[in-house]
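The data block below is protein11.pdb; it holds PDB, C-alpha atoms.
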MODEL        1
ATOM      1  CA  VAL A   1     132.446  73.140  86.499
ATOM      2  CA  ALA A   2     133.089  76.541  84.916
ATOM      3  CA  LYS A   3     136.512  78.160  84.907
ATOM      4  CA  LYS A   4     137.039  81.463  86.687
ATOM      5  CA  ASP A   5     136.984  83.484  83.443
ATOM      6  CA  ASP A   6     133.679  81.863  82.393
ATOM      7  CA  TYR A   7     131.762  83.686  85.155
ATOM      8  CA  VAL A   8     129.661  86.805  84.565
ATOM      9  CA  ALA A   9     127.904  89.293  86.811
ATOM     10  CA  HIS A  10     124.150  88.715  86.911
ATOM     11  CA  ALA A  11     121.372  90.891  88.267
ATOM     12  CA  PRO A  12     119.618  89.572  91.369
ATOM     13  CA  LEU A  13     116.796  87.142  90.711
ATOM     14  CA  PHE A  14     113.341  88.242  91.832
ATOM     15  CA  LYS A  15     112.554  87.449  95.468
ATOM     16  CA  ASP A  16     109.188  88.083  97.100
ATOM     17  CA  GLY A  17     109.228  86.017 100.278
ATOM     18  CA  GLU A  18     106.425  83.732  99.103
ATOM     19  CA  LYS A  19     106.383  82.072  95.680
ATOM     20  CA  TYR A  20     109.866  83.256  94.715
ATOM     21  CA  LYS A  21     111.802  82.733  97.927
ATOM     22  CA  PHE A  22     113.824  79.603  97.205
ATOM     23  CA  PRO A  23     116.994  79.486  95.111
ATOM     24  CA  LEU A  24     116.624  78.805  91.402
ATOM     25  CA  ASN A  25     118.044  75.401  90.515
ATOM     26  CA  VAL A  26     119.679  75.067  87.100
ATOM     27  CA  THR A  27     121.228  71.871  85.737
ATOM     28  CA  VAL A  28     123.714  72.031  82.863
ATOM     29  CA  ASN A  29     125.193  68.815  81.472
ATOM     30  CA  GLY A  30     124.502  66.999  84.739
ATOM     31  CA  VAL A  31     126.028  69.744  86.936
ATOM     32  CA  LYS A  32     123.538  71.319  89.349
ATOM     33  CA  TYR A  33     123.703  75.006  90.284
ATOM     34  CA  SER A  34     121.618  76.604  93.030
ATOM     35  CA  VAL A  35     121.284  80.334  92.341
ATOM     36  CA  PRO A  36     120.158  82.383  95.357
ATOM     37  CA  ARG A  37     117.520  85.069  94.910
ATOM     38  CA  GLY A  38     117.739  88.731  95.821
ATOM     39  CA  VAL A  39     121.532  89.115  95.679
ATOM     40  CA  PRO A  40     123.805  90.206  92.819
ATOM     41  CA  LEU A  41     126.363  87.527  92.054
ATOM     42  CA  MET A  42     128.852  86.017  89.653
ATOM     43  CA  ILE A  43     127.577  82.869  87.952
ATOM     44  CA  PRO A  44     128.838  80.702  85.097
ATOM     45  CA  ARG A  45     128.068  82.275  81.717
ATOM     46  CA  ILE A  46     126.039  79.234  80.575
ATOM     47  CA  VAL A  47     123.865  79.413  83.715
ATOM     48  CA  ALA A  48     123.269  83.137  83.102
ATOM     49  CA  GLU A  49     122.280  82.393  79.499
ATOM     50  CA  ILE A  50     119.833  79.691  80.583
ATOM     51  CA  ILE A  51     118.266  81.990  83.202
ATOM     52  CA  ASP A  52     117.967  84.851  80.702
ATOM     53  CA  GLN A  53     116.394  82.560  78.079
ATOM     54  CA  SER A  54     113.930  81.253  80.662
ATOM     55  CA  ILE A  55     112.955  84.801  81.671
ATOM     56  CA  ALA A  56     112.459  85.717  77.996
ATOM     57  CA  GLN A  57     110.316  82.606  77.402
ATOM     58  CA  ASP A  58     108.154  83.393  80.451
ATOM     59  CA  SER A  59     107.653  86.955  79.221
ATOM     60  CA  HIS A  60     106.733  85.772  75.727
ATOM     61  CA  ALA A  61     104.285  83.204  77.139
ATOM     62  CA  ARG A  62     102.573  85.874  79.273
ATOM     63  CA  GLU A  63     102.259  88.186  76.247
ATOM     64  CA  LEU A  64     100.878  85.383  74.084
ATOM     65  CA  ASP A  65      98.401  84.366  76.788
ATOM     66  CA  ALA A  66      97.200  87.967  77.137
ATOM     67  CA  ARG A  67      96.727  88.262  73.360
ATOM     68  CA  MET A  68      94.873  84.949  73.209
ATOM     69  CA  GLN A  69      92.517  85.979  75.996
ATOM     70  CA  LYS A  70      91.705  89.229  74.179
ATOM     71  CA  THR A  71      90.940  87.446  70.918
ATOM     72  CA  GLN A  72      89.193  84.400  72.334
ATOM     73  CA  VAL A  73      85.951  83.739  70.470
ATOM     74  CA  VAL A  74      83.122  81.911  72.140
ATOM     75  CA  ASN A  75      81.065  79.679  69.812
ATOM     76  CA  PHE A  76      77.482  78.984  70.743
TER      77      PHE A  76
ENDMDL
END
Write the structure described by the file as C-alpha coordinates, please.
Amino acid sequence: VAKKDDYVAHAPLFKDGEKYKFPLNVTVNGVKYSVPRGVPLMIPRIVAEIIDQSIAQDSHARELDARMQKTQVVNF
(Lines of atoms letter the chains of each structure in order from A and count residues from 1; the text may use other names and numbers.)
(Lines give C-alpha, C1' and ligand atoms only; values in the text may rest on other atoms or scores of the structure.)
Protein backbone atom coordinates (compact mmCIF):
# COMPACT_ATOMS: atom_id res chain seq x y z
CA VAL A 1 0.00 0.00 0.00
CA ALA A 2 1.38 3.41 -0.97
CA LYS A 3 2.33 6.02 1.60
CA LYS A 4 0.52 9.35 1.67
CA ASP A 5 3.38 11.20 -0.06
CA ASP A 6 3.46 8.61 -2.88
CA TYR A 7 0.08 9.78 -4.23
CA VAL A 8 -0.32 12.07 -7.24
CA ALA A 9 -3.23 13.91 -8.82
CA HIS A 10 -4.46 12.18 -11.97
CA ALA A 11 -6.82 13.39 -14.66
CA PRO A 12 -10.19 11.63 -14.81
CA LEU A 13 -10.24 8.43 -16.82
CA PHE A 14 -12.50 8.40 -19.87
CA LYS A 15 -16.11 7.45 -19.13
CA ASP A 16 -18.78 7.02 -21.79
CA GLY A 17 -21.57 5.11 -20.08
CA GLU A 18 -21.14 2.04 -22.29
CA LYS A 19 -17.77 0.41 -22.96
CA TYR A 20 -15.86 2.62 -20.52
CA LYS A 21 -18.23 2.77 -17.57
CA PHE A 22 -16.62 0.43 -15.06
CA PRO A 23 -13.62 1.28 -12.88
CA LEU A 24 -10.18 0.47 -14.23
CA ASN A 25 -8.58 -2.33 -12.23
CA VAL A 26 -4.81 -2.18 -11.80
CA THR A 27 -2.73 -4.74 -9.90
CA VAL A 28 0.76 -3.85 -8.68
CA ASN A 29 2.84 -6.45 -6.85
CA GLY A 30 -0.30 -8.35 -5.84
CA VAL A 31 -2.14 -5.23 -4.57
CA LYS A 32 -5.35 -4.49 -6.48
CA TYR A 33 -6.52 -0.93 -7.13
CA SER A 34 -9.92 -0.03 -8.57
CA VAL A 35 -9.72 3.40 -10.22
CA PRO A 36 -13.12 5.03 -10.84
CA ARG A 37 -13.78 6.74 -14.16
CA GLY A 38 -14.91 10.30 -14.76
CA VAL A 39 -13.60 11.86 -11.53
CA PRO A 40 -10.28 13.57 -10.77
CA LEU A 41 -8.50 11.82 -7.93
CA MET A 42 -5.30 11.14 -6.05
CA ILE A 43 -3.81 7.72 -6.80
CA PRO A 44 -0.52 6.03 -5.97
CA ARG A 45 2.28 7.23 -8.25
CA ILE A 46 2.99 3.69 -9.52
CA VAL A 47 -0.68 3.22 -10.48
CA ALA A 48 -0.63 6.56 -12.34
CA GLU A 49 2.52 5.49 -14.19
CA ILE A 50 0.97 2.17 -15.21
CA ILE A 51 -2.21 3.90 -16.44
CA ASP A 52 -0.21 6.49 -18.39
CA GLN A 53 1.97 3.78 -19.98
CA SER A 54 -1.13 1.80 -20.93
CA ILE A 55 -2.72 4.88 -22.54
CA ALA A 56 0.51 5.54 -24.47
CA GLN A 57 0.67 1.91 -25.65
CA ASP A 58 -2.96 2.02 -26.81
CA SER A 59 -2.29 5.22 -28.74
CA HIS A 60 0.82 3.77 -30.36
CA ALA A 61 -1.05 0.58 -31.31
CA ARG A 62 -3.85 2.60 -32.94
CA GLU A 63 -1.31 4.66 -34.92
CA LEU A 64 0.55 1.53 -36.03
CA ASP A 65 -2.70 -0.17 -37.04
CA ALA A 66 -3.74 2.87 -39.08
CA ARG A 67 -0.35 2.95 -40.85
CA MET A 68 -0.50 -0.78 -41.56
CA GLN A 69 -3.97 -0.50 -43.05
CA LYS A 70 -2.81 2.30 -45.36
CA THR A 71 0.19 0.33 -46.58
CA GLN A 72 -1.43 -3.09 -46.76
CA VAL A 73 -0.64 -4.77 -50.08
CA VAL A 74 -2.95 -7.37 -51.51
CA ASN A 75 -1.20 -10.16 -53.45
CA PHE A 76 -3.15 -11.94 -56.13
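Using the PyMOL selection byres ((chain A and resi 13) around 6) on the file at hand returns these residues: Pro12, Phe14, Arg37 and Gly38 of chain A.
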| task | Any chance you could resolve the PyMOL selection byres ((chain A and resi 29-35) around 12) against this file and give the residues as a VMD selection string? | result | chain A and resid 1 to 2 10 to 15 21 to 28 36 to 44 46 to 48 50 to 51
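Between CA of Glu63 in chain A and CA of Lys19 in chain A there is a distance of 20.8 Å.
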| query | Any idea what the distance is between CA of Arg67 in chain A and CA of Tyr20 in chain A? | reply |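 Distance between the two atoms: 25.6 Å.
One finds CA of Tyr7 in chain A at 25.0 Å from CA of Ser59 in chain A.
Using all atoms listed in the file, the smallest distance between any of A:Ala56, A:Ala61, A:Arg45, A:Lys70 and Ala9 in chain A comes from A:Arg45.
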